[in-house]
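Undergrad: Following this line is structure-v5.pdb, made up of PDB, C-alpha atoms, pLDDT in the B column:
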ATOM      1  CA  MET A   4     112.679 -47.044  94.161  1.00 92.00           C
ATOM      2  CA  VAL A   5     112.937 -44.295  91.540  1.00 97.00           C
ATOM      3  CA  ARG A   6     111.032 -40.973  91.453  1.00 98.00           C
ATOM      4  CA  ILE A   7     110.340 -39.170  88.183  1.00 98.00           C
ATOM      5  CA  ASP A   8     109.180 -35.591  87.941  1.00 98.00           C
ATOM      6  CA  ALA A   9     106.661 -35.766  85.087  1.00 97.00           C
ATOM      7  CA  SER A  10     106.059 -32.021  85.024  1.00 96.00           C
ATOM      8  CA  GLY A  11     106.183 -30.868  81.389  1.00 93.00           C
ATOM      9  CA  LEU A  12     107.165 -34.289  80.033  1.00 96.00           C
ATOM     10  CA  HIS A  13     105.493 -35.407  76.800  1.00 97.00           C
ATOM     11  CA  TYR A  14     103.681 -38.696  77.308  1.00 97.00           C
ATOM     12  CA  LYS A  15     105.999 -40.517  74.889  1.00 97.00           C
ATOM     13  CA  GLU A  16     109.091 -39.401  76.779  1.00 97.00           C
ATOM     14  CA  LEU A  17     107.547 -40.329  80.113  1.00 97.00           C
ATOM     15  CA  ASN A  18     106.510 -43.792  78.956  1.00 97.00           C
ATOM     16  CA  GLU A  19     109.848 -44.455  77.313  1.00 97.00           C
ATOM     17  CA  THR A  20     111.546 -43.595  80.601  1.00 97.00           C
ATOM     18  CA  ILE A  21     109.261 -45.946  82.541  1.00 97.00           C
ATOM     19  CA  ARG A  22     109.856 -48.747  80.043  1.00 96.00           C
ATOM     20  CA  LYS A  23     113.633 -48.290  80.205  1.00 96.00           C
ATOM     21  CA  LEU A  24     113.634 -48.424  84.007  1.00 96.00           C
ATOM     22  CA  VAL A  25     111.531 -51.589  84.032  1.00 96.00           C
ATOM     23  CA  ASP A  26     113.779 -53.222  81.439  1.00 94.00           C
ATOM     24  CA  GLU A  27     116.740 -52.405  83.690  1.00 95.00           C
ATOM     25  CA  GLY A  28     115.089 -54.217  86.581  1.00 95.00           C
ATOM     26  CA  GLU A  29     113.444 -51.393  88.513  1.00 96.00           C
ATOM     27  CA  LYS A  30     110.393 -52.633  90.440  1.00 97.00           C
ATOM     28  CA  GLU A  31     108.984 -49.495  92.087  1.00 98.00           C
ATOM     29  CA  ILE A  32     108.503 -46.138  90.361  1.00 98.00           C
ATOM     30  CA  ILE A  33     106.839 -42.981  91.683  1.00 98.00           C
ATOM     31  CA  LEU A  34     105.649 -40.414  89.161  1.00 98.00           C
ATOM     32  CA  ASP A  35     105.265 -36.899  90.550  1.00 98.00           C
ATOM     33  CA  ASN A  36     103.326 -34.029  88.940  1.00 98.00           C
ATOM     34  CA  VAL A  37     101.514 -36.168  86.376  1.00 98.00           C
ATOM     35  CA  CYS A  38      99.054 -34.040  84.401  1.00 98.00           C
ATOM     36  CA  GLY A  39      97.177 -35.823  81.628  1.00 97.00           C
ATOM     37  CA  GLN A  40      99.985 -37.950  80.184  1.00 98.00           C
ATOM     38  CA  ARG A  41      98.427 -40.888  78.349  1.00 98.00           C
ATOM     39  CA  TYR A  42      99.194 -44.625  78.185  1.00 98.00           C
ATOM     40  CA  ILE A  43     101.049 -44.855  81.506  1.00 98.00           C
ATOM     41  CA  GLY A  44     101.692 -48.528  82.233  1.00 97.00           C
ATOM     42  CA  CYS A  45     100.510 -49.578  78.782  1.00 96.00           C
ATOM     43  CA  GLY A  46     101.527 -53.189  78.115  1.00 94.00           C
ATOM     44  CA  LEU A  47     103.671 -53.517  81.239  1.00 95.00           C
ATOM     45  CA  ARG A  48     104.432 -57.100  82.241  1.00 93.00           C
ATOM     46  CA  GLY A  49     105.500 -58.396  85.630  1.00 90.00           C
ATOM     47  CA  ASN A  50     103.627 -59.122  88.848  1.00 91.00           C
ATOM     48  CA  ASP A  51     106.221 -57.347  91.017  1.00 94.00           C
ATOM     49  CA  ILE A  52     106.157 -53.951  89.277  1.00 97.00           C
ATOM     50  CA  LYS A  53     104.521 -51.091  91.144  1.00 98.00           C
ATOM     51  CA  ILE A  54     103.906 -47.585  89.811  1.00 98.00           C
ATOM     52  CA  GLU A  55     102.539 -44.835  92.038  1.00 98.00           C
ATOM     53  CA  ILE A  56     101.100 -41.774  90.291  1.00 98.00           C
ATOM     54  CA  VAL A  57     100.907 -38.438  92.077  1.00 98.00           C
ATOM     55  CA  GLY A  58      98.631 -36.361  89.877  1.00 98.00           C
ATOM     56  CA  THR A  59      96.030 -37.135  87.220  1.00 98.00           C
ATOM     57  CA  PRO A  60      96.976 -39.581  84.447  1.00 98.00           C
ATOM     58  CA  GLY A  61      95.437 -39.256  80.983  1.00 98.00           C
ATOM     59  CA  ASN A  62      93.488 -41.687  78.846  1.00 98.00           C
ATOM     60  CA  ASP A  63      94.206 -45.410  78.579  1.00 98.00           C
ATOM     61  CA  LEU A  64      96.045 -45.783  81.862  1.00 98.00           C
ATOM     62  CA  ALA A  65      97.184 -49.428  82.183  1.00 98.00           C
ATOM     63  CA  ALA A  66      95.909 -50.361  78.728  1.00 98.00           C
ATOM     64  CA  PHE A  67      96.902 -53.939  77.818  1.00 97.00           C
ATOM     65  CA  MET A  68      98.747 -54.191  81.147  1.00 97.00           C
ATOM     66  CA  ASP A  69      99.769 -57.696  82.162  1.00 95.00           C
ATOM     67  CA  GLY A  70     100.488 -57.987  85.856  1.00 95.00           C
ATOM     68  CA  ALA A  71     101.716 -54.695  87.316  1.00 97.00           C
ATOM     69  CA  THR A  72     100.081 -52.617  90.063  1.00 98.00           C
ATOM     70  CA  ILE A  73      99.314 -48.932  89.539  1.00 98.00           C
ATOM     71  CA  ILE A  74      98.198 -46.648  92.364  1.00 98.00           C
ATOM     72  CA  VAL A  75      96.706 -43.255  91.454  1.00 98.00           C
ATOM     73  CA  ARG A  76      96.624 -40.687  94.252  1.00 98.00           C
ATOM     74  CA  SER A  77      94.097 -38.489  92.453  1.00 97.00           C
ATOM     75  CA  ASN A  78      91.609 -38.905  89.597  1.00 98.00           C
ATOM     76  CA  ALA A  79      92.037 -40.828  86.344  1.00 98.00           C
ATOM     77  CA  GLN A  80      90.696 -39.890  82.917  1.00 98.00           C
ATOM     78  CA  ASP A  81      88.934 -42.098  80.339  1.00 98.00           C
ATOM     79  CA  GLY A  82      89.673 -45.673  79.305  1.00 98.00           C
ATOM     80  CA  THR A  83      91.463 -46.898  82.415  1.00 98.00           C
ATOM     81  CA  ALA A  84      92.609 -50.519  81.993  1.00 98.00           C
ATOM     82  CA  ASN A  85      91.451 -50.737  78.390  1.00 97.00           C
ATOM     83  CA  THR A  86      91.837 -54.432  77.444  1.00 97.00           C
ATOM     84  CA  MET A  87      93.952 -55.131  80.541  1.00 97.00           C
ATOM     85  CA  ASN A  88      94.949 -58.796  80.919  1.00 95.00           C
ATOM     86  CA  ARG A  89      96.183 -58.920  84.505  1.00 96.00           C
ATOM     87  CA  GLY A  90      97.238 -56.563  87.257  1.00 97.00           C
ATOM     88  CA  LYS A  91      95.614 -54.042  89.543  1.00 98.00           C
ATOM     89  CA  VAL A  92      94.708 -50.362  89.329  1.00 98.00           C
ATOM     90  CA  ILE A  93      93.844 -48.503  92.542  1.00 98.00           C
ATOM     91  CA  ILE A  94      92.366 -45.017  92.053  1.00 98.00           C
ATOM     92  CA  HIS A  95      91.985 -42.829  95.137  1.00 98.00           C
ATOM     93  CA  GLY A  96      89.768 -40.305  93.342  1.00 98.00           C
ATOM     94  CA  ASP A  97      87.269 -40.576  90.490  1.00 98.00           C
ATOM     95  CA  SER A  98      87.581 -42.397  87.173  1.00 98.00           C
ATOM     96  CA  GLY A  99      86.343 -41.218  83.782  1.00 98.00           C
ATOM     97  CA  ASP A 100      84.291 -42.828  81.040  1.00 98.00           C
ATOM     98  CA  ILE A 101      84.701 -46.407  79.737  1.00 98.00           C
ATOM     99  CA  THR A 102      86.625 -47.540  82.807  1.00 98.00           C
ATOM    100  CA  GLY A 103      87.497 -51.193  82.234  1.00 98.00           C
ATOM    101  CA  HIS A 104      86.716 -51.129  78.501  1.00 98.00           C
ATOM    102  CA  SER A 105      87.152 -54.671  77.103  1.00 97.00           C
ATOM    103  CA  MET A 106      89.055 -55.666  80.241  1.00 97.00           C
ATOM    104  CA  ARG A 107      89.953 -59.372  80.228  1.00 96.00           C
ATOM    105  CA  GLY A 108      91.464 -59.804  83.693  1.00 97.00           C
ATOM    106  CA  GLY A 109      92.834 -58.018  86.742  1.00 97.00           C
ATOM    107  CA  ARG A 110      91.157 -55.604  89.132  1.00 98.00           C
ATOM    108  CA  ILE A 111      90.192 -51.935  89.147  1.00 98.00           C
ATOM    109  CA  TYR A 112      89.258 -50.366  92.462  1.00 98.00           C
ATOM    110  CA  VAL A 113      87.962 -46.779  92.400  1.00 98.00           C
ATOM    111  CA  LYS A 114      87.376 -45.012  95.705  1.00 98.00           C
ATOM    112  CA  GLY A 115      85.164 -42.317  94.200  1.00 98.00           C
ATOM    113  CA  ASN A 116      82.783 -42.144  91.253  1.00 98.00           C
ATOM    114  CA  ALA A 117      83.054 -43.176  87.609  1.00 98.00           C
ATOM    115  CA  GLY A 118      81.671 -41.917  84.308  1.00 98.00           C
ATOM    116  CA  TYR A 119      79.714 -43.418  81.449  1.00 98.00           C
ATOM    117  CA  ARG A 120      79.913 -46.967  80.056  1.00 98.00           C
ATOM    118  CA  VAL A 121      81.896 -48.456  82.933  1.00 98.00           C
ATOM    119  CA  GLY A 122      82.712 -52.088  82.182  1.00 98.00           C
ATOM    120  CA  ILE A 123      81.697 -51.947  78.533  1.00 98.00           C
ATOM    121  CA  HIS A 124      82.659 -55.208  76.791  1.00 97.00           C
ATOM    122  CA  MET A 125      84.253 -56.644  79.952  1.00 97.00           C
ATOM    123  CA  LYS A 126      84.896 -60.349  79.527  1.00 96.00           C
ATOM    124  CA  SER A 127      86.678 -63.288  81.130  1.00 92.00           C
ATOM    125  CA  TYR A 128      89.509 -64.702  79.070  1.00 84.00           C
ATOM    126  CA  LYS A 129      90.836 -68.205  79.735  1.00 84.00           C
ATOM    127  CA  ASN A 130      91.993 -68.156  83.370  1.00 87.00           C
ATOM    128  CA  ASN A 131      91.701 -64.386  83.650  1.00 91.00           C
ATOM    129  CA  PHE A 132      88.744 -62.900  85.512  1.00 96.00           C
ATOM    130  CA  PRO A 133      88.169 -59.115  85.570  1.00 98.00           C
ATOM    131  CA  VAL A 134      86.832 -57.317  88.644  1.00 98.00           C
ATOM    132  CA  VAL A 135      85.773 -53.666  88.886  1.00 98.00           C
ATOM    133  CA  ILE A 136      84.569 -52.037  92.110  1.00 98.00           C
ATOM    134  CA  ILE A 137      83.370 -48.421  92.129  1.00 98.00           C
ATOM    135  CA  GLY A 138      82.992 -46.853  95.559  1.00 98.00           C
ATOM    136  CA  GLY A 139      80.582 -44.086  94.596  1.00 98.00           C
ATOM    137  CA  PHE A 140      78.112 -43.772  91.731  1.00 98.00           C
ATOM    138  CA  VAL A 141      78.351 -44.371  87.984  1.00 98.00           C
ATOM    139  CA  ARG A 142      76.694 -42.726  84.989  1.00 98.00           C
ATOM    140  CA  ASP A 143      74.605 -44.232  82.159  1.00 98.00           C
ATOM    141  CA  PHE A 144      75.236 -47.490  80.287  1.00 98.00           C
ATOM    142  CA  LEU A 145      76.934 -49.344  83.120  1.00 98.00           C
ATOM    143  CA  ALA A 146      78.013 -52.862  82.038  1.00 98.00           C
ATOM    144  CA  GLU A 147      77.020 -52.260  78.408  1.00 97.00           C
ATOM    145  CA  TYR A 148      77.656 -55.432  76.347  1.00 95.00           C
ATOM    146  CA  MET A 149      79.372 -56.981  79.352  1.00 96.00           C
ATOM    147  CA  ALA A 150      80.284 -60.601  78.628  1.00 94.00           C
ATOM    148  CA  GLY A 151      82.081 -61.772  81.772  1.00 95.00           C
ATOM    149  CA  GLY A 152      83.667 -60.889  85.067  1.00 97.00           C
ATOM    150  CA  LEU A 153      82.394 -59.073  88.137  1.00 97.00           C
ATOM    151  CA  LEU A 154      81.287 -55.461  88.505  1.00 98.00           C
ATOM    152  CA  ILE A 155      80.245 -53.911  91.855  1.00 98.00           C
ATOM    153  CA  VAL A 156      78.940 -50.392  92.550  1.00 98.00           C
ATOM    154  CA  LEU A 157      78.846 -49.463  96.232  1.00 98.00           C
ATOM    155  CA  GLY A 158      76.991 -46.172  96.144  1.00 98.00           C
ATOM    156  CA  LEU A 159      78.955 -44.590  98.995  1.00 98.00           C
ATOM    157  CA  GLU A 160      78.138 -41.368  97.168  1.00 97.00           C
ATOM    158  CA  THR A 161      75.097 -40.749  94.952  1.00 97.00           C
ATOM    159  CA  ASP A 162      74.587 -38.532  91.913  1.00 96.00           C
ATOM    160  CA  GLU A 163      72.645 -35.265  91.744  1.00 96.00           C
ATOM    161  CA  SER A 164      69.334 -37.157  91.745  1.00 95.00           C
ATOM    162  CA  GLY A 165      70.289 -39.493  94.575  1.00 96.00           C
ATOM    163  CA  ASN A 166      70.947 -42.454  92.278  1.00 96.00           C
ATOM    164  CA  VAL A 167      73.750 -45.005  92.507  1.00 98.00           C
ATOM    165  CA  VAL A 168      73.620 -45.779  88.781  1.00 98.00           C
ATOM    166  CA  GLY A 169      72.398 -43.971  85.691  1.00 98.00           C
ATOM    167  CA  ASN A 170      70.052 -45.287  83.018  1.00 98.00           C
ATOM    168  CA  PHE A 171      70.375 -48.155  80.509  1.00 97.00           C
ATOM    169  CA  VAL A 172      72.166 -50.397  83.017  1.00 98.00           C
ATOM    170  CA  GLY A 173      73.222 -53.676  81.414  1.00 96.00           C
ATOM    171  CA  THR A 174      72.171 -52.798  77.878  1.00 95.00           C
ATOM    172  CA  GLY A 175      73.340 -55.668  75.661  1.00 93.00           C
ATOM    173  CA  MET A 176      74.816 -57.487  78.656  1.00 95.00           C
ATOM    174  CA  HIS A 177      75.174 -61.215  77.962  1.00 92.00           C
ATOM    175  CA  GLY A 178      77.552 -62.513  80.638  1.00 93.00           C
ATOM    176  CA  GLY A 179      79.133 -61.747  83.971  1.00 94.00           C
ATOM    177  CA  GLU A 180      77.559 -60.444  87.161  1.00 95.00           C
ATOM    178  CA  LEU A 181      76.724 -56.954  88.378  1.00 97.00           C
ATOM    179  CA  TYR A 182      76.055 -56.079  92.014  1.00 98.00           C
ATOM    180  CA  ILE A 183      74.665 -52.753  93.187  1.00 98.00           C
ATOM    181  CA  ARG A 184      74.623 -51.746  96.840  1.00 98.00           C
ATOM    182  CA  GLY A 185      71.253 -50.112  97.297  1.00 94.00           C
ATOM    183  CA  THR A 186      68.327 -49.998  94.928  1.00 91.00           C
ATOM    184  CA  VAL A 187      67.876 -49.648  91.202  1.00 95.00           C
ATOM    185  CA  ALA A 188      64.548 -48.963  89.491  1.00 95.00           C
ATOM    186  CA  GLU A 189      63.245 -51.076  86.649  1.00 94.00           C
ATOM    187  CA  HIS A 190      63.177 -48.078  84.317  1.00 95.00           C
ATOM    188  CA  GLN A 191      66.946 -47.679  84.749  1.00 97.00           C
ATOM    189  CA  LEU A 192      67.655 -51.119  83.322  1.00 96.00           C
ATOM    190  CA  GLY A 193      68.426 -52.214  79.809  1.00 93.00           C
ATOM    191  CA  LYS A 194      66.015 -54.815  78.496  1.00 90.00           C
ATOM    192  CA  GLU A 195      68.642 -57.578  78.626  1.00 91.00           C
ATOM    193  CA  VAL A 196      68.971 -57.772  82.437  1.00 94.00           C
ATOM    194  CA  LYS A 197      66.790 -58.674  85.384  1.00 93.00           C
ATOM    195  CA  ILE A 198      67.079 -58.034  89.132  1.00 95.00           C
ATOM    196  CA  HIS A 199      67.857 -61.041  91.343  1.00 94.00           C
ATOM    197  CA  ARG A 200      68.141 -61.592  95.067  1.00 94.00           C
ATOM    198  CA  VAL A 201      71.684 -61.936  96.390  1.00 96.00           C
ATOM    199  CA  THR A 202      72.238 -65.463  97.708  1.00 96.00           C
ATOM    200  CA  ASP A 203      74.693 -66.651 100.350  1.00 96.00           C
ATOM    201  CA  GLU A 204      76.780 -68.097  97.537  1.00 97.00           C
ATOM    202  CA  ASP A 205      76.878 -64.691  95.862  1.00 97.00           C
ATOM    203  CA  SER A 206      77.941 -63.029  99.110  1.00 97.00           C
ATOM    204  CA  ASN A 207      80.733 -65.534  99.687  1.00 96.00           C
ATOM    205  CA  ARG A 208      82.004 -64.855  96.171  1.00 96.00           C
ATOM    206  CA  ILE A 209      82.100 -61.053  96.389  1.00 98.00           C
ATOM    207  CA  ILE A 210      83.156 -60.521 100.016  1.00 98.00           C
ATOM    208  CA  PRO A 211      86.876 -61.283  99.426  1.00 98.00           C
ATOM    209  CA  TYR A 212      86.985 -58.548  96.761  1.00 98.00           C
ATOM    210  CA  LEU A 213      85.062 -56.130  98.971  1.00 98.00           C
ATOM    211  CA  SER A 214      87.472 -56.855 101.820  1.00 98.00           C
ATOM    212  CA  GLU A 215      90.453 -56.088  99.600  1.00 98.00           C
ATOM    213  CA  PHE A 216      88.771 -52.876  98.407  1.00 98.00           C
ATOM    214  CA  CYS A 217      88.207 -51.793 102.015  1.00 98.00           C
ATOM    215  CA  ASP A 218      91.815 -52.558 102.933  1.00 98.00           C
ATOM    216  CA  ASP A 219      93.075 -50.455 100.023  1.00 98.00           C
ATOM    217  CA  PHE A 220      91.000 -47.395 100.932  1.00 98.00           C
ATOM    218  CA  GLY A 221      90.514 -47.665 104.692  1.00 98.00           C
ATOM    219  CA  PHE A 222      86.790 -48.458 104.623  1.00 98.00           C
ATOM    220  CA  SER A 223      85.002 -50.727 107.083  1.00 98.00           C
ATOM    221  CA  LEU A 224      83.762 -53.954 105.513  1.00 98.00           C
ATOM    222  CA  ASP A 225      81.155 -54.322 108.253  1.00 98.00           C
ATOM    223  CA  GLU A 226      79.744 -50.886 107.401  1.00 97.00           C
ATOM    224  CA  ILE A 227      79.691 -51.743 103.682  1.00 98.00           C
ATOM    225  CA  LEU A 228      77.758 -54.941 104.358  1.00 97.00           C
ATOM    226  CA  LYS A 229      75.100 -53.247 106.492  1.00 97.00           C
ATOM    227  CA  LYS A 230      73.283 -52.158 103.340  1.00 97.00           C
ATOM    228  CA  GLU A 231      71.760 -54.751 101.035  1.00 96.00           C
ATOM    229  CA  PHE A 232      72.935 -55.445  97.498  1.00 98.00           C
ATOM    230  CA  VAL A 233      70.929 -56.356  94.432  1.00 97.00           C
ATOM    231  CA  LYS A 234      72.244 -58.567  91.663  1.00 97.00           C
ATOM    232  CA  LEU A 235      71.739 -57.990  87.957  1.00 96.00           C
ATOM    233  CA  LYS A 236      72.217 -60.767  85.437  1.00 90.00           C
ATOM    234  CA  PRO A 237      71.382 -61.096  81.742  1.00 90.00           C
ATOM    235  CA  TYR A 238      68.450 -63.343  81.024  1.00 80.00           C
ATOM    236  CA  THR A 239      70.059 -64.658  77.815  1.00 68.00           C
ATOM    237  CA  HIS A 240      73.545 -65.220  76.460  1.00 67.00           C
ATOM    238  CA  ARG A 241      72.353 -64.234  72.965  1.00 69.00           C
ATOM    239  CA  PRO A 242      70.414 -60.971  73.421  1.00 64.00           C
ATOM    240  CA  TYR A 243      70.432 -60.191  69.702  1.00 63.00           C
ATOM    241  CA  GLY A 244      70.149 -63.731  68.379  1.00 57.00           C
ATOM    242  CA  ARG A 245      66.841 -63.110  66.668  1.00 59.00           C
ATOM    243  CA  LEU A 246      68.392 -60.418  64.531  1.00 54.00           C
ATOM    244  CA  TYR A 247      70.628 -62.983  62.841  1.00 53.00           C
ATOM    245  CA  ALA A 248      68.909 -66.357  63.163  1.00 53.00           C
ATOM    246  CA  TYR A 249      65.367 -67.671  63.162  1.00 53.00           C
TER     247      TYR A 249
END
Mind turning this structure into structure tokens?
TA:
Amino acid sequence: MVRIDASGLHYKELNETIRKLVDEGEKEIILDNVCGQRYIGCGLRGNDIKIEIVGTPGNDLAAFMDGATIIVRSNAQDGTANTMNRGKVIIHGDSGDITGHSMRGGRIYVKGNAGYRVGIHMKSYKNNFPVVIIGGFVRDFLAEYMAGGLLIVLGLETDESGNVVGNFVGTGMHGGELYIRGTVAEHQLGKEVKIHRVTDEDSNRIIPYLSEFCDDFGFSLDEILKKEFVKLKPYTHRPYGRLYAY
């Protein structure tokens, strides 16, 4: 294990140091005093690499990552796991806007809340299947243009108006599944999605991910499951087809 004091380090210097250590065979790296440095973990390959961040990483944490695990002991800024292929990001605080942007695989677990456009353009890619679980609430445009994967919002904390999600949920969504623990009003939805009842098959599919989330953050799965979920799915795989074909 190697510890790096990131205090005052430019993001390029910090990332070059991480890359050099990984190339030399280092498997576990702890970054202390991180304060806004961008692109940490960008493009990292290897299932056995673990990076622990003490502080707040900047934009595009774990972008294009392919297998590593990153643990953030505080908040994360915008664009976490942008176009990530594989791997896992565990955030013990809140996450910013466009969390999971264009994510193609791997998992993001956020203990707290997340910003706008969470899961935008998420999609499954070949054998990769992306999963995002937010423990608290999310802002507007959740799952915008989502094309694949699984997105779960637990609502362990609500926003200023008592909502679990913002408005325009699922706008342009044409694939994947979205589960919300609690209720969502029809006026909060984009026109491309509809509310469905959660079946036993749905529950069996999401419980393993919820169990892993609870293990990571010390929550009780039984307590999580005491409150009902609703499921949102797109009603068409071609929401804008009429714009281009008749």
Undergrad: Within 7 Å of (106.8, -37.5, 85.2) in the file's own coordinates, which protein, DNA or RNA residues have an atom, counting only C-alpha atoms? List them as a list of chain:residue names.
TA: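 Residues satisfying the cut-off, written out: A:Ile7, A:Asp8, A:Ala9, A:Ser10, A:Leu12, A:Leu17, A:Leu34, A:Asp35, A:Asn36, A:Val37.
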Undergrad: Could you check which of A:Glu19, A:Asp203, A:Glu55, A:Asn50 is closest to Arg6 of chain A, using all atoms listed in the file?
TA: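 Ranking A:Glu19, A:Asp203, A:Glu55, A:Asn50 by distance to Arg6 of chain A, first place goes to A:Glu55.
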Undergrad: Which one of A:His177, A:Arg76, A:His104, A:Arg89 sits closest to Asp63 of chain A if you count only C-alpha atoms?
TA: A:His104
Undergrad: Report, in Å with one decimal, the straight-line distance from atom CA of Asn88 of chain A to atom CA of Phe132 of chain A.
TA: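 It comes out at 8.7 Å.
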Undergrad: Using all atoms listed in the file, which residue out of A:Ile137, A:Ile74, A:Cys38, A:Val92 lies closest to Val121 of chain A?
TA: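 Checking each of A:Ile137, A:Ile74, A:Cys38, A:Val92 against Val121 of chain A, counting all atoms listed in the file, the winner is A:Ile137.
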Undergrad: Would you pick out the contacts of Asn166 of chain A at 9 Å or less, using only C-alpha atoms, so that residues sharing its chain but fewer than 4 positions from it are not included, and give the list as number ranges by chain?
TA: A: 140-141, 158, 160-162, 186-187
Undergrad: Residue by residue, what does the PyMOL selection byres ((chain A and resi 70) around 9) grab here? Present the result as JSON, numbers by chain.
TA: {"A": [47, 48, 49, 50, 51, 52, 68, 69, 71, 72, 87, 88, 89, 90, 91, 109]}
